[in-house]
file upload36.cif (mmCIF, N, CA and C atoms and all ligand atoms)
data_protein
loop_
_atom_site.label_atom_id
_atom_site.label_comp_id
_atom_site.auth_asym_id
_atom_site.auth_seq_id
_atom_site.Cartn_x
_atom_site.Cartn_y
_atom_site.Cartn_z
N MET A 90 -6.49 44.86 6.97
CA MET A 90 -5.84 44.37 5.76
C MET A 90 -6.62 44.82 4.51
N TYR A 91 -6.02 44.63 3.37
CA TYR A 91 -6.61 45.09 2.11
C TYR A 91 -6.84 43.90 1.17
N CYS A 92 -7.91 44.03 0.38
CA CYS A 92 -8.21 43.00 -0.61
C CYS A 92 -7.07 42.94 -1.63
N ARG A 93 -6.62 41.75 -1.93
CA ARG A 93 -5.49 41.66 -2.86
C ARG A 93 -5.92 41.70 -4.33
N TYR A 94 -7.26 41.72 -4.53
CA TYR A 94 -7.74 41.80 -5.91
C TYR A 94 -8.04 43.25 -6.31
N CYS A 95 -8.82 43.97 -5.42
CA CYS A 95 -9.22 45.32 -5.78
C CYS A 95 -8.56 46.38 -4.89
N GLY A 96 -7.92 45.97 -3.79
CA GLY A 96 -7.22 46.92 -2.93
C GLY A 96 -8.09 47.61 -1.90
N LYS A 97 -9.38 47.29 -1.86
CA LYS A 97 -10.28 47.89 -0.89
C LYS A 97 -9.99 47.32 0.50
N GLU A 98 -10.14 48.19 1.52
CA GLU A 98 -9.89 47.73 2.87
C GLU A 98 -11.00 46.80 3.33
N VAL A 99 -10.64 45.62 3.87
CA VAL A 99 -11.63 44.66 4.37
C VAL A 99 -11.31 44.33 5.83
N LYS A 100 -12.35 44.01 6.58
CA LYS A 100 -12.18 43.66 8.00
C LYS A 100 -11.48 42.31 8.11
N GLU A 101 -10.72 42.15 9.20
CA GLU A 101 -9.92 40.94 9.42
C GLU A 101 -10.75 39.66 9.36
N LYS A 102 -11.99 39.74 9.90
CA LYS A 102 -12.79 38.52 10.01
C LYS A 102 -13.68 38.26 8.80
N SER A 103 -13.74 39.20 7.85
CA SER A 103 -14.63 38.99 6.72
C SER A 103 -14.07 37.93 5.78
N ILE A 104 -14.99 37.16 5.21
CA ILE A 104 -14.60 36.05 4.33
C ILE A 104 -14.58 36.52 2.89
N VAL A 105 -15.52 37.43 2.56
CA VAL A 105 -15.64 37.92 1.19
C VAL A 105 -15.42 39.43 1.18
N CYS A 106 -14.71 39.93 0.19
CA CYS A 106 -14.45 41.36 0.04
C CYS A 106 -15.74 42.09 -0.30
N SER A 107 -15.99 43.21 0.41
CA SER A 107 -17.22 43.97 0.16
C SER A 107 -17.11 44.78 -1.13
N GLY A 108 -15.91 44.96 -1.63
CA GLY A 108 -15.71 45.75 -2.84
C GLY A 108 -15.93 44.96 -4.11
N CYS A 109 -15.30 43.78 -4.19
CA CYS A 109 -15.36 43.01 -5.43
C CYS A 109 -16.03 41.65 -5.27
N GLY A 110 -16.28 41.23 -4.02
CA GLY A 110 -16.99 39.97 -3.79
C GLY A 110 -16.13 38.73 -3.85
N ARG A 111 -14.81 38.92 -4.02
CA ARG A 111 -13.92 37.75 -4.07
C ARG A 111 -13.56 37.29 -2.67
N PRO A 112 -13.23 36.00 -2.49
CA PRO A 112 -12.88 35.52 -1.15
C PRO A 112 -11.59 36.17 -0.64
N VAL A 113 -11.63 36.52 0.65
CA VAL A 113 -10.47 37.13 1.29
C VAL A 113 -9.69 36.03 2.01
N ASP A 114 -8.45 35.89 1.67
CA ASP A 114 -7.64 34.89 2.38
C ASP A 114 -6.24 35.42 2.63
N GLU A 115 -5.63 34.87 3.65
CA GLU A 115 -4.26 35.25 4.00
C GLU A 115 -3.34 34.87 2.84
N PRO A 116 -2.36 35.73 2.52
CA PRO A 116 -1.43 35.37 1.45
C PRO A 116 -0.69 34.08 1.80
N GLY A 117 -0.76 33.11 0.90
CA GLY A 117 -0.04 31.85 1.11
C GLY A 117 -0.87 30.76 1.74
N SER A 118 -1.99 31.11 2.42
CA SER A 118 -2.77 30.08 3.10
C SER A 118 -3.45 29.15 2.10
N VAL A 119 -3.82 29.68 0.96
CA VAL A 119 -4.49 28.85 -0.04
C VAL A 119 -3.48 28.34 -1.06
N THR A 120 -2.57 29.23 -1.50
CA THR A 120 -1.62 28.83 -2.52
C THR A 120 -0.49 27.99 -1.95
N GLY A 121 -0.18 28.16 -0.64
CA GLY A 121 0.96 27.46 -0.04
C GLY A 121 0.67 26.02 0.30
N THR A 122 -0.51 25.75 0.87
CA THR A 122 -0.81 24.41 1.38
C THR A 122 -0.80 23.32 0.29
N PRO A 123 -1.44 23.53 -0.85
CA PRO A 123 -1.44 22.45 -1.85
C PRO A 123 -0.04 22.11 -2.36
N VAL A 124 0.84 23.12 -2.43
CA VAL A 124 2.21 22.88 -2.89
C VAL A 124 2.94 21.95 -1.94
N ILE A 125 2.78 22.23 -0.62
CA ILE A 125 3.41 21.38 0.39
C ILE A 125 2.81 19.98 0.33
N GLY A 126 1.46 19.93 0.21
CA GLY A 126 0.77 18.65 0.14
C GLY A 126 1.24 17.82 -1.04
N TRP A 127 1.46 18.50 -2.17
CA TRP A 127 1.93 17.81 -3.37
C TRP A 127 3.30 17.20 -3.16
N SER A 128 4.25 17.99 -2.66
CA SER A 128 5.62 17.49 -2.52
C SER A 128 5.70 16.39 -1.47
N VAL A 129 4.91 16.52 -0.40
CA VAL A 129 4.90 15.46 0.62
C VAL A 129 4.32 14.19 0.03
N GLY A 130 3.25 14.33 -0.75
CA GLY A 130 2.62 13.18 -1.41
C GLY A 130 3.57 12.50 -2.38
N LEU A 131 4.28 13.30 -3.16
CA LEU A 131 5.24 12.76 -4.12
C LEU A 131 6.37 12.04 -3.40
N LEU A 132 6.84 12.66 -2.30
CA LEU A 132 7.93 12.07 -1.52
C LEU A 132 7.49 10.73 -0.93
N LEU A 133 6.26 10.71 -0.40
CA LEU A 133 5.72 9.48 0.17
C LEU A 133 5.59 8.40 -0.89
N ALA A 134 5.08 8.79 -2.07
CA ALA A 134 4.93 7.85 -3.18
C ALA A 134 6.29 7.29 -3.59
N PHE A 135 7.29 8.17 -3.63
CA PHE A 135 8.64 7.75 -3.99
C PHE A 135 9.22 6.81 -2.94
N MET A 136 8.99 7.14 -1.66
CA MET A 136 9.51 6.31 -0.56
C MET A 136 8.89 4.91 -0.62
N ILE A 137 7.55 4.87 -0.82
CA ILE A 137 6.86 3.59 -0.87
C ILE A 137 7.33 2.79 -2.09
N ALA A 138 7.49 3.49 -3.23
CA ALA A 138 7.95 2.82 -4.45
C ALA A 138 9.36 2.26 -4.25
N SER A 139 10.24 3.04 -3.63
CA SER A 139 11.62 2.60 -3.44
C SER A 139 11.71 1.49 -2.39
N LEU A 140 10.70 1.44 -1.50
CA LEU A 140 10.67 0.39 -0.48
C LEU A 140 10.30 -0.96 -1.09
N PHE A 141 9.40 -0.91 -2.08
CA PHE A 141 8.94 -2.14 -2.71
C PHE A 141 9.78 -2.52 -3.94
N PHE A 142 10.62 -1.59 -4.41
CA PHE A 142 11.40 -1.84 -5.61
C PHE A 142 12.47 -2.92 -5.43
N PRO A 143 13.27 -2.89 -4.35
CA PRO A 143 14.37 -3.87 -4.22
C PRO A 143 13.94 -5.33 -4.33
N PRO A 144 12.92 -5.80 -3.58
CA PRO A 144 12.55 -7.23 -3.72
C PRO A 144 12.13 -7.57 -5.13
N PHE A 145 11.34 -6.67 -5.73
CA PHE A 145 10.88 -6.86 -7.10
C PHE A 145 12.05 -6.85 -8.08
N GLY A 146 12.94 -5.84 -7.92
CA GLY A 146 14.10 -5.70 -8.80
C GLY A 146 15.05 -6.87 -8.70
N LEU A 147 15.28 -7.36 -7.47
CA LEU A 147 16.18 -8.51 -7.28
C LEU A 147 15.60 -9.76 -7.92
N PHE A 148 14.30 -9.94 -7.75
CA PHE A 148 13.63 -11.10 -8.32
C PHE A 148 13.72 -11.10 -9.85
N VAL A 149 13.31 -9.96 -10.46
CA VAL A 149 13.33 -9.84 -11.92
C VAL A 149 14.77 -9.85 -12.43
N GLY A 150 15.67 -9.19 -11.69
CA GLY A 150 17.07 -9.11 -12.09
C GLY A 150 17.75 -10.46 -12.14
N ILE A 151 17.56 -11.26 -11.08
CA ILE A 151 18.18 -12.59 -11.03
C ILE A 151 17.61 -13.48 -12.14
N LYS A 152 16.30 -13.36 -12.36
CA LYS A 152 15.64 -14.12 -13.42
C LYS A 152 16.22 -13.73 -14.79
N GLY A 153 16.44 -12.40 -14.98
CA GLY A 153 16.94 -11.89 -16.25
C GLY A 153 18.38 -12.25 -16.54
N LEU A 154 19.17 -12.54 -15.49
CA LEU A 154 20.58 -12.88 -15.67
C LEU A 154 20.76 -14.18 -16.45
N PHE A 155 19.78 -15.05 -16.41
CA PHE A 155 19.90 -16.34 -17.08
C PHE A 155 19.67 -16.25 -18.58
N SER A 156 19.14 -15.10 -19.05
CA SER A 156 18.91 -14.93 -20.47
C SER A 156 19.90 -13.92 -21.04
N GLU A 157 20.52 -14.23 -22.18
CA GLU A 157 21.52 -13.35 -22.80
C GLU A 157 20.91 -12.02 -23.22
N ALA A 158 19.64 -12.05 -23.67
CA ALA A 158 18.98 -10.85 -24.18
C ALA A 158 18.73 -9.81 -23.09
N THR A 159 18.47 -10.26 -21.87
CA THR A 159 18.10 -9.33 -20.79
C THR A 159 19.22 -9.18 -19.76
N LYS A 160 20.41 -9.75 -20.07
CA LYS A 160 21.50 -9.78 -19.10
C LYS A 160 21.93 -8.38 -18.64
N VAL A 161 22.10 -7.43 -19.61
CA VAL A 161 22.57 -6.08 -19.29
C VAL A 161 21.53 -5.34 -18.45
N LYS A 162 20.27 -5.39 -18.89
CA LYS A 162 19.18 -4.74 -18.15
C LYS A 162 19.08 -5.34 -16.75
N ALA A 163 19.24 -6.65 -16.66
CA ALA A 163 19.11 -7.34 -15.38
C ALA A 163 20.20 -6.90 -14.41
N SER A 164 21.42 -6.73 -14.90
CA SER A 164 22.50 -6.31 -14.01
C SER A 164 22.30 -4.88 -13.52
N VAL A 165 21.77 -4.01 -14.40
CA VAL A 165 21.44 -2.63 -13.99
C VAL A 165 20.37 -2.66 -12.91
N LEU A 166 19.35 -3.47 -13.16
CA LEU A 166 18.24 -3.61 -12.21
C LEU A 166 18.73 -4.12 -10.86
N LEU A 167 19.63 -5.10 -10.90
CA LEU A 167 20.20 -5.66 -9.67
C LEU A 167 21.00 -4.62 -8.91
N THR A 168 21.80 -3.81 -9.65
CA THR A 168 22.61 -2.77 -9.01
C THR A 168 21.72 -1.74 -8.32
N VAL A 169 20.70 -1.25 -9.05
CA VAL A 169 19.79 -0.24 -8.49
C VAL A 169 19.07 -0.81 -7.27
N SER A 170 18.59 -2.04 -7.39
CA SER A 170 17.87 -2.68 -6.29
C SER A 170 18.75 -2.83 -5.07
N THR A 171 20.01 -3.24 -5.29
CA THR A 171 20.94 -3.42 -4.18
C THR A 171 21.22 -2.10 -3.48
N LEU A 172 21.43 -1.03 -4.28
CA LEU A 172 21.69 0.30 -3.72
C LEU A 172 20.49 0.78 -2.90
N LEU A 173 19.28 0.58 -3.45
CA LEU A 173 18.07 0.99 -2.74
C LEU A 173 17.89 0.19 -1.45
N ALA A 174 18.20 -1.11 -1.53
CA ALA A 174 18.09 -1.96 -0.34
C ALA A 174 19.07 -1.49 0.73
N LEU A 175 20.31 -1.17 0.32
CA LEU A 175 21.33 -0.67 1.26
C LEU A 175 20.89 0.66 1.86
N PHE A 176 20.27 1.53 1.01
CA PHE A 176 19.77 2.82 1.46
C PHE A 176 18.72 2.64 2.55
N TRP A 177 17.80 1.69 2.36
CA TRP A 177 16.75 1.44 3.33
C TRP A 177 17.29 0.79 4.60
N ILE A 178 18.26 -0.13 4.43
CA ILE A 178 18.89 -0.77 5.60
C ILE A 178 19.57 0.30 6.45
N ALA A 179 20.26 1.25 5.77
CA ALA A 179 20.96 2.33 6.47
C ALA A 179 19.96 3.20 7.24
N ILE A 180 18.80 3.50 6.63
CA ILE A 180 17.78 4.32 7.30
C ILE A 180 17.17 3.58 8.49
N ILE A 181 16.87 2.28 8.28
CA ILE A 181 16.25 1.49 9.35
C ILE A 181 17.21 1.34 10.53
N LEU A 182 18.49 1.15 10.23
CA LEU A 182 19.48 0.99 11.31
C LEU A 182 19.89 2.34 11.90
N GLY A 183 19.42 3.45 11.27
CA GLY A 183 19.71 4.78 11.79
C GLY A 183 21.11 5.24 11.57
N LEU A 184 21.70 4.87 10.44
CA LEU A 184 23.09 5.29 10.15
C LEU A 184 23.10 6.67 9.49
ZN ZN B 1 -11.83 43.18 -3.41
#
call {"tool": "encode", "arguments": {"input": "upload36.cif", "output": "structure tokens", "more": "lines below"}}
Ligand SMILES: [Zn+2]
result
Amino acid sequence: MYCRYCGKEVKEKSIVCSGCGRPVDEPGSVTGTPVIGWSVGLLLAFMIASLFFPPFGLFVGIKGLFSEATKVKASVLLTVSTLLALFWIAIILGL
């Protein structure tokens, strides 16, 4: 294979290029992994957040319904929480 920085031929097992001294790595092995790690982490964070959102949203939403000032926000919160709860029930039941 060839160094992707200077183009000099380097041995398969070498870690550093003998021409320019930069690390030799397979294309995608370094740049690919963090991207996958990021999206998986974000997805996990979103899943955990959406799992804990419904109980919180229902609690705050029902509380907010009793006040005229927060009534609209509370109903939106209740709708989103209910949809998320249904989404999780559907996943847990395997639908
Ligand atoms: Zn090089």
call {"tool": "select_by_dssp", "arguments": {"input": "upload36.cif", "residues": "chain A", "states": "strand (DSSP E or B)", "output": "ChimeraX atom specification"}}
result
/A:91,98,105,112
call {"tool": "residues_near_ligand", "arguments": {"input": "upload36.cif", "ligand": "ligand ZN 1 (chain B)", "cutoff": "8 Å", "atoms": "only N, CA and C atoms and all ligand atoms", "output": "list in words"}}
result
Tyr91, Cys92, Arg93, Tyr94, Cys95, Gly96, Lys97, Glu98, Val99, Val105, Cys106, Ser107, Gly108, Cys109, Gly110, Arg111, Pro112 and Val113 of chain A
call {"tool": "residues_around", "arguments": {"input": "upload36.cif", "residues": "stretch 139-155 of chain A", "least_positions_apart": "5", "cutoff": "7 Å", "atoms": "all atoms listed in the file", "output": "MDAnalysis selection string"}}
result
chainID A and resid 134 160:164 166:167 169:171 173:174
call {"tool": "atom_distance", "arguments": {"input": "upload36.cif", "atom1": "atom C of A:Lys100", "atom2": "atom C of A:Gly126"}}
result
29.1 Å
call {"tool": "atom_distance", "arguments": {"input": "upload36.cif", "atom1": "atom CA of A:Met136", "atom2": "atom CA of A:Trp177"}}
result
9.6 Å
call {"tool": "decode", "arguments": {"input": "upload36.cif", "residues": "chain A", "atoms": "C-alpha atoms", "output": "JSON list (two decimals), in the first residue's frame"}}
result
[["chain", "number", "residue", "atom", "x", "y", "z"],
["A", 90, "MET", "CA", 0.00, 0.00, 0.00],
["A", 91, "TYR", "CA", 0.98, 3.65, -0.33],
["A", 92, "CYS", "CA", 1.12, 6.48, 2.18],
["A", 93, "ARG", "CA", -1.92, 8.67, 1.72],
["A", 94, "TYR", "CA", -0.01, 11.79, 2.70],
["A", 95, "CYS", "CA", 3.16, 11.62, 0.58],
["A", 96, "GLY", "CA", 2.41, 8.67, -1.74],
["A", 97, "LYS", "CA", 5.53, 6.71, -0.78],
["A", 98, "GLU", "CA", 5.18, 2.94, -0.72],
["A", 99, "VAL", "CA", 4.98, 1.59, 2.86],
["A", 100, "LYS", "CA", 4.95, -1.99, 4.16],
["A", 101, "GLU", "CA", 1.58, -3.42, 5.25],
["A", 102, "LYS", "CA", 2.67, -3.84, 8.88],
["A", 103, "SER", "CA", 4.42, -0.51, 9.35],
["A", 104, "ILE", "CA", 2.74, 1.96, 11.69],
["A", 105, "VAL", "CA", 4.58, 5.08, 10.56],
["A", 106, "CYS", "CA", 5.45, 6.11, 6.99],
["A", 107, "SER", "CA", 9.20, 6.02, 6.33],
["A", 108, "GLY", "CA", 8.87, 8.91, 3.89],
["A", 109, "CYS", "CA", 7.03, 11.56, 5.88],
["A", 110, "GLY", "CA", 6.76, 10.05, 9.38],
["A", 111, "ARG", "CA", 2.97, 10.29, 9.55],
["A", 112, "PRO", "CA", 0.92, 7.39, 10.97],
["A", 113, "VAL", "CA", -0.17, 4.82, 8.40],
["A", 114, "ASP", "CA", -3.75, 3.68, 8.77],
["A", 115, "GLU", "CA", -6.35, 1.93, 6.69],
["A", 116, "PRO", "CA", -8.69, 4.37, 4.93],
["A", 117, "GLY", "CA", -11.79, 4.75, 7.10],
["A", 118, "SER", "CA", -10.45, 2.92, 10.16],
["A", 119, "VAL", "CA", -9.73, 6.15, 11.99],
["A", 120, "THR", "CA", -12.18, 8.52, 10.34],
["A", 121, "GLY", "CA", -15.05, 5.98, 10.18],
["A", 122, "THR", "CA", -15.22, 4.71, 13.75],
["A", 123, "PRO", "CA", -15.82, 8.01, 15.61],
["A", 124, "VAL", "CA", -18.66, 8.91, 13.21],
["A", 125, "ILE", "CA", -20.43, 5.62, 13.94],
["A", 126, "GLY", "CA", -19.72, 6.04, 17.65],
["A", 127, "TRP", "CA", -21.21, 9.52, 17.57],
["A", 128, "SER", "CA", -24.45, 8.55, 15.86],
["A", 129, "VAL", "CA", -24.91, 5.49, 18.08],
["A", 130, "GLY", "CA", -24.29, 7.66, 21.15],
["A", 131, "LEU", "CA", -26.75, 10.28, 19.95],
["A", 132, "LEU", "CA", -29.34, 7.60, 19.17],
["A", 133, "LEU", "CA", -28.88, 6.06, 22.62],
["A", 134, "ALA", "CA", -29.17, 9.48, 24.27],
["A", 135, "PHE", "CA", -32.34, 10.16, 22.29],
["A", 136, "MET", "CA", -33.80, 6.74, 23.17],
["A", 137, "ILE", "CA", -33.08, 7.22, 26.88],
["A", 138, "ALA", "CA", -34.47, 10.77, 26.77],
["A", 139, "SER", "CA", -37.65, 9.63, 24.99],
["A", 140, "LEU", "CA", -38.01, 6.77, 27.48],
["A", 141, "PHE", "CA", -38.00, 9.13, 30.45],
["A", 142, "PHE", "CA", -39.93, 11.93, 28.73],
["A", 143, "PRO", "CA", -43.50, 10.49, 28.86],
["A", 144, "PRO", "CA", -43.81, 10.13, 32.68],
["A", 145, "PHE", "CA", -42.27, 13.57, 33.15],
["A", 146, "GLY", "CA", -44.35, 15.12, 30.35],
["A", 147, "LEU", "CA", -47.61, 13.59, 31.62],
["A", 148, "PHE", "CA", -46.92, 14.80, 35.14],
["A", 149, "VAL", "CA", -46.03, 18.37, 34.10],
["A", 150, "GLY", "CA", -48.76, 18.38, 31.43],
["A", 151, "ILE", "CA", -51.58, 17.37, 33.79],
["A", 152, "LYS", "CA", -50.33, 19.89, 36.35],
["A", 153, "GLY", "CA", -50.24, 22.61, 33.66],
["A", 154, "LEU", "CA", -53.83, 21.93, 32.52],
["A", 155, "PHE", "CA", -55.17, 23.45, 35.73],
["A", 156, "SER", "CA", -53.63, 26.84, 34.95],
["A", 157, "GLU", "CA", -54.98, 29.03, 32.10],
["A", 158, "ALA", "CA", -51.51, 30.44, 31.35],
["A", 159, "THR", "CA", -49.89, 27.05, 30.70],
["A", 160, "LYS", "CA", -52.95, 25.24, 29.28],
["A", 161, "VAL", "CA", -51.82, 25.29, 25.60],
["A", 162, "LYS", "CA", -48.23, 24.25, 26.38],
["A", 163, "ALA", "CA", -49.55, 21.55, 28.71],
["A", 164, "SER", "CA", -51.80, 20.03, 26.05],
["A", 165, "VAL", "CA", -48.89, 19.96, 23.55],
["A", 166, "LEU", "CA", -46.73, 18.32, 26.19],
["A", 167, "LEU", "CA", -49.45, 15.77, 26.94],
["A", 168, "THR", "CA", -49.87, 14.94, 23.24],
["A", 169, "VAL", "CA", -46.12, 14.46, 22.69],
["A", 170, "SER", "CA", -45.81, 12.39, 25.86],
["A", 171, "THR", "CA", -48.75, 10.19, 24.90],
["A", 172, "LEU", "CA", -47.33, 9.61, 21.40],
["A", 173, "LEU", "CA", -43.91, 8.74, 22.84],
["A", 174, "ALA", "CA", -45.51, 6.43, 25.39],
["A", 175, "LEU", "CA", -47.48, 4.68, 22.61],
["A", 176, "PHE", "CA", -44.26, 4.44, 20.55],
["A", 177, "TRP", "CA", -42.46, 2.71, 23.44],
["A", 178, "ILE", "CA", -45.42, 0.43, 24.21],
["A", 179, "ALA", "CA", -45.44, -0.60, 20.52],
["A", 180, "ILE", "CA", -41.68, -1.36, 20.63],
["A", 181, "ILE", "CA", -41.92, -3.28, 23.92],
["A", 182, "LEU", "CA", -44.86, -5.34, 22.65],
["A", 183, "GLY", "CA", -42.97, -5.93, 19.38],
["A", 184, "LEU", "CA", -45.54, -4.42, 17.03]]
